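**Q** Provided herewith: run08.txt, compact mmCIF, N, CA and C atoms.
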```
# COMPACT_ATOMS: atom_id res chain seq x y z
N MET F 1416 0.86 -1.18 0.00
CA MET F 1416 0.00 0.00 0.00
C MET F 1416 0.90 1.23 0.00
N ASN F 1417 0.68 2.13 -0.95
CA ASN F 1417 1.51 3.33 -1.01
C ASN F 1417 1.09 4.31 0.08
N THR F 1418 1.91 5.34 0.27
CA THR F 1418 1.69 6.29 1.36
C THR F 1418 0.36 7.02 1.23
N GLU F 1419 0.01 7.41 0.00
CA GLU F 1419 -1.25 8.14 -0.18
C GLU F 1419 -2.46 7.29 0.15
N SER F 1420 -2.49 6.05 -0.34
CA SER F 1420 -3.65 5.20 -0.05
C SER F 1420 -3.68 4.80 1.43
N PHE F 1421 -2.49 4.66 2.05
CA PHE F 1421 -2.44 4.37 3.49
C PHE F 1421 -3.04 5.54 4.27
N THR F 1422 -2.67 6.76 3.87
CA THR F 1422 -3.19 7.97 4.54
C THR F 1422 -4.71 8.06 4.40
N ILE F 1423 -5.22 7.79 3.20
CA ILE F 1423 -6.67 7.82 2.98
C ILE F 1423 -7.35 6.75 3.83
N ASN F 1424 -6.75 5.55 3.88
CA ASN F 1424 -7.31 4.47 4.69
C ASN F 1424 -7.33 4.86 6.17
N VAL F 1425 -6.26 5.48 6.65
CA VAL F 1425 -6.20 5.92 8.05
C VAL F 1425 -7.28 6.96 8.31
N GLU F 1426 -7.40 7.94 7.44
CA GLU F 1426 -8.42 8.99 7.63
C GLU F 1426 -9.83 8.41 7.61
N ASN F 1427 -10.11 7.50 6.68
CA ASN F 1427 -11.44 6.88 6.61
C ASN F 1427 -11.71 6.03 7.85
N THR F 1428 -10.70 5.33 8.31
CA THR F 1428 -10.87 4.48 9.50
C THR F 1428 -11.15 5.34 10.73
N ILE F 1429 -10.42 6.42 10.89
CA ILE F 1429 -10.67 7.32 12.03
C ILE F 1429 -12.06 7.94 11.92
N LEU F 1430 -12.44 8.34 10.71
CA LEU F 1430 -13.78 8.89 10.50
C LEU F 1430 -14.84 7.85 10.86
N ASN F 1431 -14.64 6.60 10.45
CA ASN F 1431 -15.60 5.54 10.78
C ASN F 1431 -15.68 5.31 12.28
N LEU F 1432 -14.54 5.36 12.97
CA LEU F 1432 -14.57 5.23 14.43
C LEU F 1432 -15.32 6.40 15.06
N LYS F 1433 -15.10 7.60 14.54
CA LYS F 1433 -15.83 8.77 15.04
C LYS F 1433 -17.34 8.61 14.81
N MET F 1434 -17.71 8.09 13.66
CA MET F 1434 -19.13 7.86 13.37
C MET F 1434 -19.70 6.82 14.34
N MET F 1435 -18.93 5.79 14.63
CA MET F 1435 -19.40 4.78 15.57
C MET F 1435 -19.67 5.41 16.94
N SER F 1436 -18.85 6.38 17.31
CA SER F 1436 -19.03 7.01 18.62
C SER F 1436 -20.31 7.84 18.69
N GLN F 1437 -20.86 8.20 17.54
CA GLN F 1437 -22.06 9.05 17.47
C GLN F 1437 -23.37 8.25 17.49
N ILE F 1438 -23.27 6.92 17.52
CA ILE F 1438 -24.46 6.08 17.50
C ILE F 1438 -25.26 6.29 18.78
N LYS F 1439 -26.54 6.50 18.60
CA LYS F 1439 -27.45 6.64 19.74
C LYS F 1439 -28.37 5.41 19.78
N PRO F 1440 -29.01 5.17 20.93
CA PRO F 1440 -29.94 4.05 20.98
C PRO F 1440 -30.98 4.15 19.86
N TYR F 1441 -31.25 3.04 19.23
CA TYR F 1441 -32.24 2.85 18.16
C TYR F 1441 -31.76 3.34 16.79
N ASP F 1442 -30.53 3.88 16.72
CA ASP F 1442 -29.94 4.15 15.41
C ASP F 1442 -29.54 2.83 14.76
N LYS F 1443 -29.46 2.85 13.45
CA LYS F 1443 -28.94 1.72 12.68
C LYS F 1443 -27.84 2.24 11.78
N LEU F 1444 -27.08 1.33 11.18
CA LEU F 1444 -25.92 1.72 10.40
C LEU F 1444 -25.97 1.16 8.99
N TYR F 1445 -25.22 1.81 8.12
CA TYR F 1445 -24.92 1.25 6.80
C TYR F 1445 -23.62 1.86 6.32
N LEU F 1446 -22.98 1.18 5.38
CA LEU F 1446 -21.72 1.64 4.81
C LEU F 1446 -22.00 2.16 3.41
N ASP F 1447 -21.50 3.37 3.11
CA ASP F 1447 -21.67 3.98 1.80
C ASP F 1447 -20.30 4.42 1.31
N GLU F 1448 -19.83 3.76 0.26
CA GLU F 1448 -18.50 4.04 -0.31
C GLU F 1448 -17.40 3.96 0.75
N GLY F 1449 -17.50 2.95 1.60
CA GLY F 1449 -16.48 2.71 2.60
C GLY F 1449 -16.60 3.55 3.86
N LEU F 1450 -17.62 4.40 3.91
CA LEU F 1450 -17.80 5.26 5.08
C LEU F 1450 -19.09 4.90 5.80
N LEU F 1451 -18.99 4.83 7.11
CA LEU F 1451 -20.12 4.47 7.96
C LEU F 1451 -21.11 5.62 8.03
N LYS F 1452 -22.38 5.31 7.88
CA LYS F 1452 -23.45 6.30 7.98
C LYS F 1452 -24.43 5.83 9.04
N ILE F 1453 -24.98 6.80 9.76
CA ILE F 1453 -25.96 6.49 10.79
C ILE F 1453 -27.35 6.71 10.22
N ASP F 1454 -28.19 5.71 10.41
CA ASP F 1454 -29.57 5.74 9.92
C ASP F 1454 -30.47 5.93 11.15
N THR F 1455 -30.90 7.18 11.37
CA THR F 1455 -31.73 7.46 12.54
C THR F 1455 -33.16 6.97 12.29
N PRO F 1456 -33.86 6.61 13.35
CA PRO F 1456 -35.21 6.08 13.19
C PRO F 1456 -36.18 7.08 12.55
N THR F 1457 -36.90 6.61 11.55
CA THR F 1457 -37.96 7.39 10.92
C THR F 1457 -39.13 6.45 10.65
N LEU F 1458 -40.24 7.03 10.26
CA LEU F 1458 -41.43 6.23 10.00
C LEU F 1458 -41.22 5.22 8.88
N LEU F 1459 -40.50 5.60 7.84
CA LEU F 1459 -40.30 4.72 6.68
C LEU F 1459 -38.93 4.06 6.67
N GLN F 1460 -38.23 4.07 7.79
CA GLN F 1460 -36.89 3.52 7.85
C GLN F 1460 -36.82 2.07 7.39
N GLY F 1461 -37.75 1.26 7.83
CA GLY F 1461 -37.75 -0.16 7.47
C GLY F 1461 -37.88 -0.38 5.97
N ILE F 1462 -38.76 0.35 5.34
CA ILE F 1462 -38.95 0.22 3.88
C ILE F 1462 -37.69 0.69 3.16
N TYR F 1463 -37.15 1.82 3.59
CA TYR F 1463 -35.95 2.35 2.97
C TYR F 1463 -34.78 1.37 3.11
N ARG F 1464 -34.60 0.81 4.29
CA ARG F 1464 -33.50 -0.14 4.51
C ARG F 1464 -33.71 -1.41 3.70
N TRP F 1465 -34.95 -1.86 3.58
CA TRP F 1465 -35.24 -3.04 2.77
C TRP F 1465 -34.91 -2.75 1.31
N TYR F 1466 -35.32 -1.60 0.81
CA TYR F 1466 -35.07 -1.21 -0.58
C TYR F 1466 -33.58 -1.11 -0.88
N LYS F 1467 -32.82 -0.55 0.04
CA LYS F 1467 -31.37 -0.36 -0.15
C LYS F 1467 -30.57 -1.61 0.25
N VAL F 1468 -31.24 -2.64 0.73
CA VAL F 1468 -30.63 -3.89 1.18
C VAL F 1468 -29.63 -3.64 2.33
N TYR F 1469 -30.04 -2.80 3.27
CA TYR F 1469 -29.27 -2.58 4.49
C TYR F 1469 -29.81 -3.55 5.53
N SER F 1470 -29.00 -4.48 5.94
CA SER F 1470 -29.47 -5.49 6.88
C SER F 1470 -28.56 -5.55 8.11
N ARG F 1471 -29.03 -6.27 9.09
CA ARG F 1471 -28.24 -6.47 10.31
C ARG F 1471 -26.94 -7.21 10.00
N ILE F 1472 -27.04 -8.20 9.15
CA ILE F 1472 -25.86 -8.98 8.77
C ILE F 1472 -24.85 -8.07 8.06
N ASN F 1473 -25.34 -7.22 7.15
CA ASN F 1473 -24.44 -6.28 6.46
C ASN F 1473 -23.79 -5.34 7.47
N THR F 1474 -24.56 -4.91 8.46
CA THR F 1474 -24.02 -4.01 9.49
C THR F 1474 -22.85 -4.66 10.21
N THR F 1475 -23.01 -5.91 10.64
CA THR F 1475 -21.91 -6.57 11.37
C THR F 1475 -20.72 -6.81 10.45
N THR F 1476 -20.98 -7.13 9.19
CA THR F 1476 -19.89 -7.31 8.23
C THR F 1476 -19.14 -6.00 8.04
N ASP F 1477 -19.88 -4.90 7.90
CA ASP F 1477 -19.26 -3.58 7.75
C ASP F 1477 -18.43 -3.21 8.98
N LEU F 1478 -18.96 -3.49 10.16
CA LEU F 1478 -18.21 -3.20 11.39
C LEU F 1478 -16.95 -4.05 11.47
N ASP F 1479 -17.03 -5.30 11.05
CA ASP F 1479 -15.86 -6.17 11.02
C ASP F 1479 -14.78 -5.62 10.09
N ILE F 1480 -15.19 -5.08 8.96
CA ILE F 1480 -14.25 -4.49 8.00
C ILE F 1480 -13.53 -3.29 8.65
N ILE F 1481 -14.27 -2.47 9.36
CA ILE F 1481 -13.68 -1.31 10.04
C ILE F 1481 -12.70 -1.77 11.11
N VAL F 1482 -13.07 -2.77 11.90
CA VAL F 1482 -12.19 -3.28 12.94
C VAL F 1482 -10.92 -3.87 12.32
N LYS F 1483 -11.07 -4.58 11.22
CA LYS F 1483 -9.90 -5.14 10.54
C LYS F 1483 -8.97 -4.02 10.08
N SER F 1484 -9.54 -2.94 9.60
CA SER F 1484 -8.74 -1.80 9.18
C SER F 1484 -7.99 -1.19 10.37
N VAL F 1485 -8.65 -1.08 11.52
CA VAL F 1485 -8.01 -0.57 12.73
C VAL F 1485 -6.83 -1.47 13.10
N ILE F 1486 -7.05 -2.77 13.04
CA ILE F 1486 -5.99 -3.73 13.39
C ILE F 1486 -4.83 -3.62 12.41
N ASP F 1487 -5.12 -3.57 11.12
CA ASP F 1487 -4.07 -3.47 10.11
C ASP F 1487 -3.24 -2.20 10.28
N ILE F 1488 -3.91 -1.08 10.48
CA ILE F 1488 -3.22 0.20 10.65
C ILE F 1488 -2.34 0.19 11.89
N THR F 1489 -2.90 -0.26 13.00
CA THR F 1489 -2.12 -0.24 14.24
C THR F 1489 -0.99 -1.27 14.20
N ASP F 1490 -1.20 -2.41 13.56
CA ASP F 1490 -0.11 -3.37 13.40
C ASP F 1490 1.02 -2.74 12.61
N ASN F 1491 0.67 -2.03 11.55
CA ASN F 1491 1.66 -1.36 10.71
C ASN F 1491 2.48 -0.36 11.54
N LEU F 1492 1.81 0.35 12.42
CA LEU F 1492 2.50 1.36 13.24
C LEU F 1492 3.28 0.73 14.40
N LEU F 1493 2.66 -0.23 15.06
CA LEU F 1493 3.26 -0.78 16.28
C LEU F 1493 4.41 -1.75 16.02
N ASP F 1494 4.48 -2.29 14.80
CA ASP F 1494 5.54 -3.25 14.48
C ASP F 1494 6.85 -2.57 14.09
N LYS F 1495 6.88 -1.27 14.07
CA LYS F 1495 8.10 -0.54 13.71
C LYS F 1495 9.05 -0.47 14.89
N GLU F 1496 10.35 -0.42 14.57
CA GLU F 1496 11.37 -0.27 15.61
C GLU F 1496 11.23 1.09 16.30
N ASP F 1497 11.23 2.14 15.48
CA ASP F 1497 11.11 3.50 16.00
C ASP F 1497 9.82 4.13 15.48
N ILE F 1498 9.02 4.60 16.39
CA ILE F 1498 7.77 5.26 16.02
C ILE F 1498 7.99 6.76 16.09
N SER F 1499 7.68 7.44 14.99
CA SER F 1499 7.86 8.89 14.95
C SER F 1499 6.83 9.57 15.86
N ASP F 1500 7.06 10.84 16.13
CA ASP F 1500 6.11 11.60 16.95
C ASP F 1500 4.74 11.63 16.28
N GLU F 1501 4.73 11.76 14.95
CA GLU F 1501 3.46 11.79 14.20
C GLU F 1501 2.73 10.45 14.32
N GLU F 1502 3.48 9.36 14.22
CA GLU F 1502 2.87 8.02 14.35
C GLU F 1502 2.40 7.78 15.77
N ASN F 1503 3.15 8.27 16.74
CA ASN F 1503 2.75 8.16 18.14
C ASN F 1503 1.43 8.91 18.37
N ALA F 1504 1.34 10.12 17.81
CA ALA F 1504 0.10 10.91 17.93
C ALA F 1504 -1.07 10.19 17.28
N LEU F 1505 -0.81 9.54 16.15
CA LEU F 1505 -1.86 8.79 15.46
C LEU F 1505 -2.34 7.62 16.33
N CYS F 1506 -1.40 6.92 16.95
CA CYS F 1506 -1.78 5.82 17.85
C CYS F 1506 -2.61 6.33 19.02
N GLN F 1507 -2.23 7.49 19.55
CA GLN F 1507 -2.98 8.08 20.66
C GLN F 1507 -4.40 8.44 20.21
N GLN F 1508 -4.51 8.99 18.99
CA GLN F 1508 -5.82 9.36 18.47
C GLN F 1508 -6.68 8.12 18.26
N ILE F 1509 -6.10 7.07 17.69
CA ILE F 1509 -6.84 5.83 17.47
C ILE F 1509 -7.31 5.26 18.81
N LEU F 1510 -6.45 5.33 19.81
CA LEU F 1510 -6.80 4.85 21.15
C LEU F 1510 -8.04 5.57 21.68
N ILE F 1511 -8.07 6.88 21.54
CA ILE F 1511 -9.23 7.67 21.98
C ILE F 1511 -10.47 7.30 21.18
N GLU F 1512 -10.32 7.19 19.87
CA GLU F 1512 -11.47 6.88 19.01
C GLU F 1512 -12.03 5.49 19.28
N ILE F 1513 -11.16 4.54 19.61
CA ILE F 1513 -11.64 3.20 19.95
C ILE F 1513 -12.51 3.26 21.20
N SER F 1514 -12.05 3.99 22.21
CA SER F 1514 -12.84 4.11 23.45
C SER F 1514 -14.21 4.71 23.18
N ASN F 1515 -14.23 5.77 22.38
CA ASN F 1515 -15.50 6.42 22.05
C ASN F 1515 -16.39 5.52 21.20
N ALA F 1516 -15.79 4.78 20.27
CA ALA F 1516 -16.56 3.89 19.39
C ALA F 1516 -17.24 2.78 20.21
N CYS F 1517 -16.56 2.30 21.23
CA CYS F 1517 -17.15 1.24 22.06
C CYS F 1517 -18.42 1.74 22.76
N LYS F 1518 -18.44 3.00 23.13
CA LYS F 1518 -19.65 3.58 23.75
C LYS F 1518 -20.80 3.58 22.73
N GLY F 1519 -20.50 3.93 21.50
CA GLY F 1519 -21.51 3.91 20.44
C GLY F 1519 -22.02 2.52 20.17
N LEU F 1520 -21.11 1.54 20.20
CA LEU F 1520 -21.53 0.14 19.99
C LEU F 1520 -22.44 -0.33 21.12
N SER F 1521 -22.21 0.17 22.32
CA SER F 1521 -23.12 -0.17 23.43
C SER F 1521 -24.51 0.37 23.15
N ASN F 1522 -24.59 1.56 22.55
CA ASN F 1522 -25.90 2.12 22.17
C ASN F 1522 -26.53 1.29 21.05
N LEU F 1523 -25.71 0.80 20.13
CA LEU F 1523 -26.24 -0.03 19.05
C LEU F 1523 -26.82 -1.33 19.60
N LYS F 1524 -26.22 -1.84 20.68
CA LYS F 1524 -26.76 -3.04 21.32
C LYS F 1524 -28.19 -2.80 21.82
N ILE F 1525 -28.48 -1.57 22.23
CA ILE F 1525 -29.83 -1.24 22.68
C ILE F 1525 -30.80 -1.38 21.50
N THR F 1526 -30.36 -0.94 20.33
CA THR F 1526 -31.19 -1.06 19.13
C THR F 1526 -31.60 -2.51 18.89
N TYR F 1527 -30.65 -3.41 19.10
CA TYR F 1527 -30.87 -4.83 18.78
C TYR F 1527 -31.00 -5.69 20.04
N LYS F 1528 -31.55 -5.10 21.10
CA LYS F 1528 -31.62 -5.80 22.39
C LYS F 1528 -32.41 -7.10 22.33
N ASP F 1529 -33.34 -7.21 21.40
CA ASP F 1529 -34.15 -8.43 21.31
C ASP F 1529 -33.57 -9.45 20.34
N ASP F 1530 -32.41 -9.14 19.74
CA ASP F 1530 -31.78 -10.04 18.78
C ASP F 1530 -30.48 -10.56 19.41
N THR F 1531 -30.53 -11.79 19.92
CA THR F 1531 -29.37 -12.33 20.63
C THR F 1531 -28.16 -12.50 19.72
N PHE F 1532 -28.38 -12.83 18.45
CA PHE F 1532 -27.26 -12.96 17.51
C PHE F 1532 -26.55 -11.61 17.35
N MET F 1533 -27.31 -10.56 17.08
CA MET F 1533 -26.73 -9.23 16.88
C MET F 1533 -26.04 -8.76 18.15
N SER F 1534 -26.67 -8.96 19.27
CA SER F 1534 -26.10 -8.55 20.54
C SER F 1534 -24.76 -9.26 20.77
N SER F 1535 -24.72 -10.54 20.50
CA SER F 1535 -23.49 -11.31 20.67
C SER F 1535 -22.42 -10.87 19.68
N LYS F 1536 -22.82 -10.64 18.45
CA LYS F 1536 -21.88 -10.20 17.42
C LYS F 1536 -21.29 -8.83 17.78
N LEU F 1537 -22.13 -7.93 18.28
CA LEU F 1537 -21.65 -6.62 18.72
C LEU F 1537 -20.68 -6.74 19.90
N ASP F 1538 -20.94 -7.70 20.79
CA ASP F 1538 -20.01 -7.96 21.90
C ASP F 1538 -18.65 -8.40 21.37
N ILE F 1539 -18.65 -9.25 20.37
CA ILE F 1539 -17.40 -9.73 19.78
C ILE F 1539 -16.64 -8.57 19.14
N ILE F 1540 -17.35 -7.72 18.43
CA ILE F 1540 -16.72 -6.57 17.78
C ILE F 1540 -16.12 -5.64 18.83
N LYS F 1541 -16.88 -5.39 19.90
CA LYS F 1541 -16.37 -4.55 21.00
C LYS F 1541 -15.14 -5.19 21.64
N ASP F 1542 -15.17 -6.51 21.82
CA ASP F 1542 -14.02 -7.22 22.41
C ASP F 1542 -12.78 -7.08 21.53
N LYS F 1543 -12.95 -7.14 20.22
CA LYS F 1543 -11.82 -6.97 19.31
C LYS F 1543 -11.23 -5.57 19.45
N LEU F 1544 -12.10 -4.58 19.53
CA LEU F 1544 -11.62 -3.20 19.69
C LEU F 1544 -10.92 -3.01 21.04
N LYS F 1545 -11.49 -3.59 22.10
CA LYS F 1545 -10.87 -3.47 23.42
C LYS F 1545 -9.52 -4.17 23.45
N SER F 1546 -9.42 -5.31 22.78
CA SER F 1546 -8.16 -6.03 22.70
C SER F 1546 -7.11 -5.20 21.95
N ARG F 1547 -7.54 -4.53 20.90
CA ARG F 1547 -6.63 -3.67 20.14
C ARG F 1547 -6.19 -2.49 21.01
N LYS F 1548 -7.13 -1.94 21.75
CA LYS F 1548 -6.83 -0.83 22.66
C LYS F 1548 -5.78 -1.27 23.68
N ASP F 1549 -5.96 -2.46 24.25
CA ASP F 1549 -5.01 -2.99 25.23
C ASP F 1549 -3.63 -3.17 24.61
N LYS F 1550 -3.58 -3.64 23.36
CA LYS F 1550 -2.30 -3.84 22.69
C LYS F 1550 -1.59 -2.49 22.46
N ILE F 1551 -2.35 -1.49 22.04
CA ILE F 1551 -1.74 -0.17 21.81
C ILE F 1551 -1.18 0.36 23.13
N ILE F 1552 -1.95 0.24 24.20
CA ILE F 1552 -1.49 0.72 25.51
C ILE F 1552 -0.22 -0.01 25.94
N LYS F 1553 -0.20 -1.34 25.73
CA LYS F 1553 0.95 -2.13 26.13
C LYS F 1553 2.20 -1.75 25.32
N VAL F 1554 2.06 -1.67 24.01
CA VAL F 1554 3.22 -1.38 23.15
C VAL F 1554 3.69 0.05 23.33
N MET F 1555 2.74 0.97 23.43
CA MET F 1555 3.10 2.38 23.55
C MET F 1555 3.45 2.76 24.98
N LYS F 1556 3.22 1.84 25.92
CA LYS F 1556 3.46 2.08 27.34
C LYS F 1556 2.74 3.34 27.81
N VAL F 1557 1.46 3.42 27.41
CA VAL F 1557 0.63 4.54 27.81
C VAL F 1557 0.22 4.34 29.26
N ALA F 1558 0.27 5.40 30.02
CA ALA F 1558 -0.09 5.29 31.45
C ALA F 1558 -1.58 5.43 31.63
```
Transcribe the structure of this file into structure tokens.

**A**
Amino acid sequence: MNTESFTINVENTILNLKMMSQIKPYDKLYLDEGLLKIDTPTLLQGIYRWYKVYSRINTTTDLDIIVKSVIDITDNLLDKEDISDEENALCQQILIEISNACKGLSNLKITYKDDTFMSSKLDIIKDKLKSRKDKIIKVMKVA
């Protein structure tokens, strides 16, 4: 991956984490051109989501893609011998965004409280993010 596409991927991933942090109870999600969008509840939301083929399964797949991107980016940064100040700042930013995103995922669990599969899948996604957060803290020796 060249530097420009890596930078775009990092920016999109951080934006997606920021969007995850904005999720409120009863919101739903969809991915549009690689970017996470929040679908707030409306009267015709179900029809619109059916028409656009936005489903719960697609939501978890999209979230998995975002988490994989977080893991790939942080692996790329953390596996280096010397981390520059800019890379260190990026790791710190990702750390903050992961914490905020987990709060949004907890709100998304409220949306799907009656769906044990979705609730469990969201727990797994949150666990992956928390594990990544722990790894960043350990490698960066963040206090």

**Q** At what distance in Å, to one decimal, does atom CA of Thr1422 of chain F lie from atom CA of Thr1475 of chain F?

**A**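 One can read the atom CA of Thr1475 of chain F to atom CA of Thr1422 of chain F distance as 24.7 Å.
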
**Q** Could you check the closest approach to Thr1474 of chain F for each of F:Ile1498, F:Asp1454, F:Lys1550, F:Gly1461 and tell me which residue wins, using only C-alpha atoms?

**A**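 Using only C-alpha atoms, Thr1474 of chain F sits closest to F:Asp1454.
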
**Q** Once DSSP has gone over the backbone, tell me which residues of segment 1417-1558 of chain F are in strand (DSSP E), as an mmCIF file with N, CA and C atoms, in the frame of the given file.

**A**
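Result file follows (part-v3.cif):
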```
data_model
loop_
_atom_site.group_PDB
_atom_site.id
_atom_site.type_symbol
_atom_site.label_atom_id
_atom_site.label_comp_id
_atom_site.auth_asym_id
_atom_site.auth_seq_id
_atom_site.Cartn_x
_atom_site.Cartn_y
_atom_site.Cartn_z
ATOM 1 N N LYS F 1443 -29.460 2.850 13.450
ATOM 2 C CA LYS F 1443 -28.940 1.720 12.680
ATOM 3 C C LYS F 1443 -27.840 2.240 11.780
ATOM 4 N N LEU F 1444 -27.080 1.330 11.180
ATOM 5 C CA LEU F 1444 -25.920 1.720 10.400
ATOM 6 C C LEU F 1444 -25.970 1.160 8.990
ATOM 7 N N TYR F 1445 -25.220 1.810 8.120
ATOM 8 C CA TYR F 1445 -24.920 1.250 6.800
ATOM 9 C C TYR F 1445 -23.620 1.860 6.320
ATOM 10 N N LEU F 1446 -22.980 1.180 5.380
ATOM 11 C CA LEU F 1446 -21.720 1.640 4.810
ATOM 12 C C LEU F 1446 -22.000 2.160 3.410
ATOM 13 N N ASP F 1447 -21.500 3.370 3.110
ATOM 14 C CA ASP F 1447 -21.670 3.980 1.800
ATOM 15 C C ASP F 1447 -20.300 4.420 1.310
ATOM 16 N N LEU F 1450 -17.620 4.400 3.910
ATOM 17 C CA LEU F 1450 -17.800 5.260 5.080
ATOM 18 C C LEU F 1450 -19.090 4.900 5.800
ATOM 19 N N LEU F 1451 -18.990 4.830 7.110
ATOM 20 C CA LEU F 1451 -20.120 4.470 7.960
ATOM 21 C C LEU F 1451 -21.110 5.620 8.030
ATOM 22 N N LYS F 1452 -22.380 5.310 7.880
ATOM 23 C CA LYS F 1452 -23.450 6.300 7.980
ATOM 24 C C LYS F 1452 -24.430 5.830 9.040
ATOM 25 N N ILE F 1453 -24.980 6.800 9.760
ATOM 26 C CA ILE F 1453 -25.960 6.490 10.790
ATOM 27 C C ILE F 1453 -27.350 6.710 10.220
ATOM 28 N N ASP F 1454 -28.190 5.710 10.410
ATOM 29 C CA ASP F 1454 -29.570 5.740 9.920
ATOM 30 C C ASP F 1454 -30.470 5.930 11.150
#
```

**Q** Could you tell me which of F:Lys1541, F:Lys1524, F:Lys1483, F:Arg1547 comes closest to Leu1510 of chain F if we count only N, CA and C atoms?

**A**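 Checking each candidate against Leu1510 of chain F, we get F:Arg1547 as the closest.
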
**Q** What is the distance between atom CA of Leu1505 of chain F and atom CA of Val1425 of chain F, in Å to one decimal?

**A** 9.1 Å

**Q** Would you mind writing down, as a ChimeraX atom specification, each residue of chain F that DSSP on the backbone assigns to alpha helix (DSSP H)?

**A** /F:1418-1436,1460-1467,1471-1493,1500-1526,1531-1555

**Q** I'd like to know which of F:Ile1513, F:Ile1429, F:Ile1480, F:Ile1453 is closest to Asp1542 of chain F, using only C-alpha atoms.

**A**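 Looking only at the distances to Asp1542 of chain F, the closest residue turns out to be F:Ile1513.
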
**Q** Please compute the atom CA of Asp1442 of chain F-atom CA of Gly1519 of chain F distance, one decimal, in Å.

**A**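 Distance between the two atoms: 9.8 Å.
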
**Q** Step by step: start from the point (-19.5, 8.5, 21.6) in the file's coordinates, keep every protein, DNA or RNA residue that has an atom no farther than 6 Å from it, count all atoms listed in the file, and write the set as a list in words.

**A** Met1435, Ser1436, Gln1437, Ile1438, Asn1515, Ala1516, Lys1518 and Gly1519 of chain F

**Q** With only C-alpha atoms as the counted atoms, please give the residues lying no more than 9 Å from Ser1514 of chain F, apart from itself and same-chain residues fewer than 5 positions off, as a ChimeraX atom specification.

**A** /F:1436,1509,1544-1545,1548

**Q** Taking all listed atoms of segment 1502-1520 of chain F, build the axis-aligned box, pad each of the six sides by 3 Å, then write its centre and edge lengths in Å to one decimal as JSON.

**A**
```
{"center_x": -9.5, "center_y": 5.3, "center_z": 19.0, "size_x": 31.9, "size_y": 17.2, "size_z": 15.5}
```

**Q** Here is a test: counting only C-alpha atoms, which residue of F:Lys1443, F:Asn1427, F:Lys1433, F:Ile1488 is nearest to Thr1526 of chain F?

**A**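 Among the listed residues, the smallest separation from Thr1526 of chain F belongs to F:Lys1443.
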
**Q** Between F:Leu1444, F:Ile1511, F:Ile1551, F:Val1485, which is the closest to Arg1471 of chain F once you count all atoms listed in the file?

**A**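 Using all atoms listed in the file, the shortest distance to Arg1471 of chain F belongs to F:Leu1444.
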
**Q** List as a VMD selection string: which residues have an atom within 8 Å of (-24.9, -7.4, 11.5), counting all atoms listed in the file?

**A** chain F and resid 1470 to 1478 1532 to 1533 1536 to 1537

**Q** Determine the nearest neighbour of Leu1520 of chain F from the options F:Asp1447, F:Asp1538, F:Ile1552, F:Pro1456, counting only N, CA and C atoms.

**A** F:Asp1538
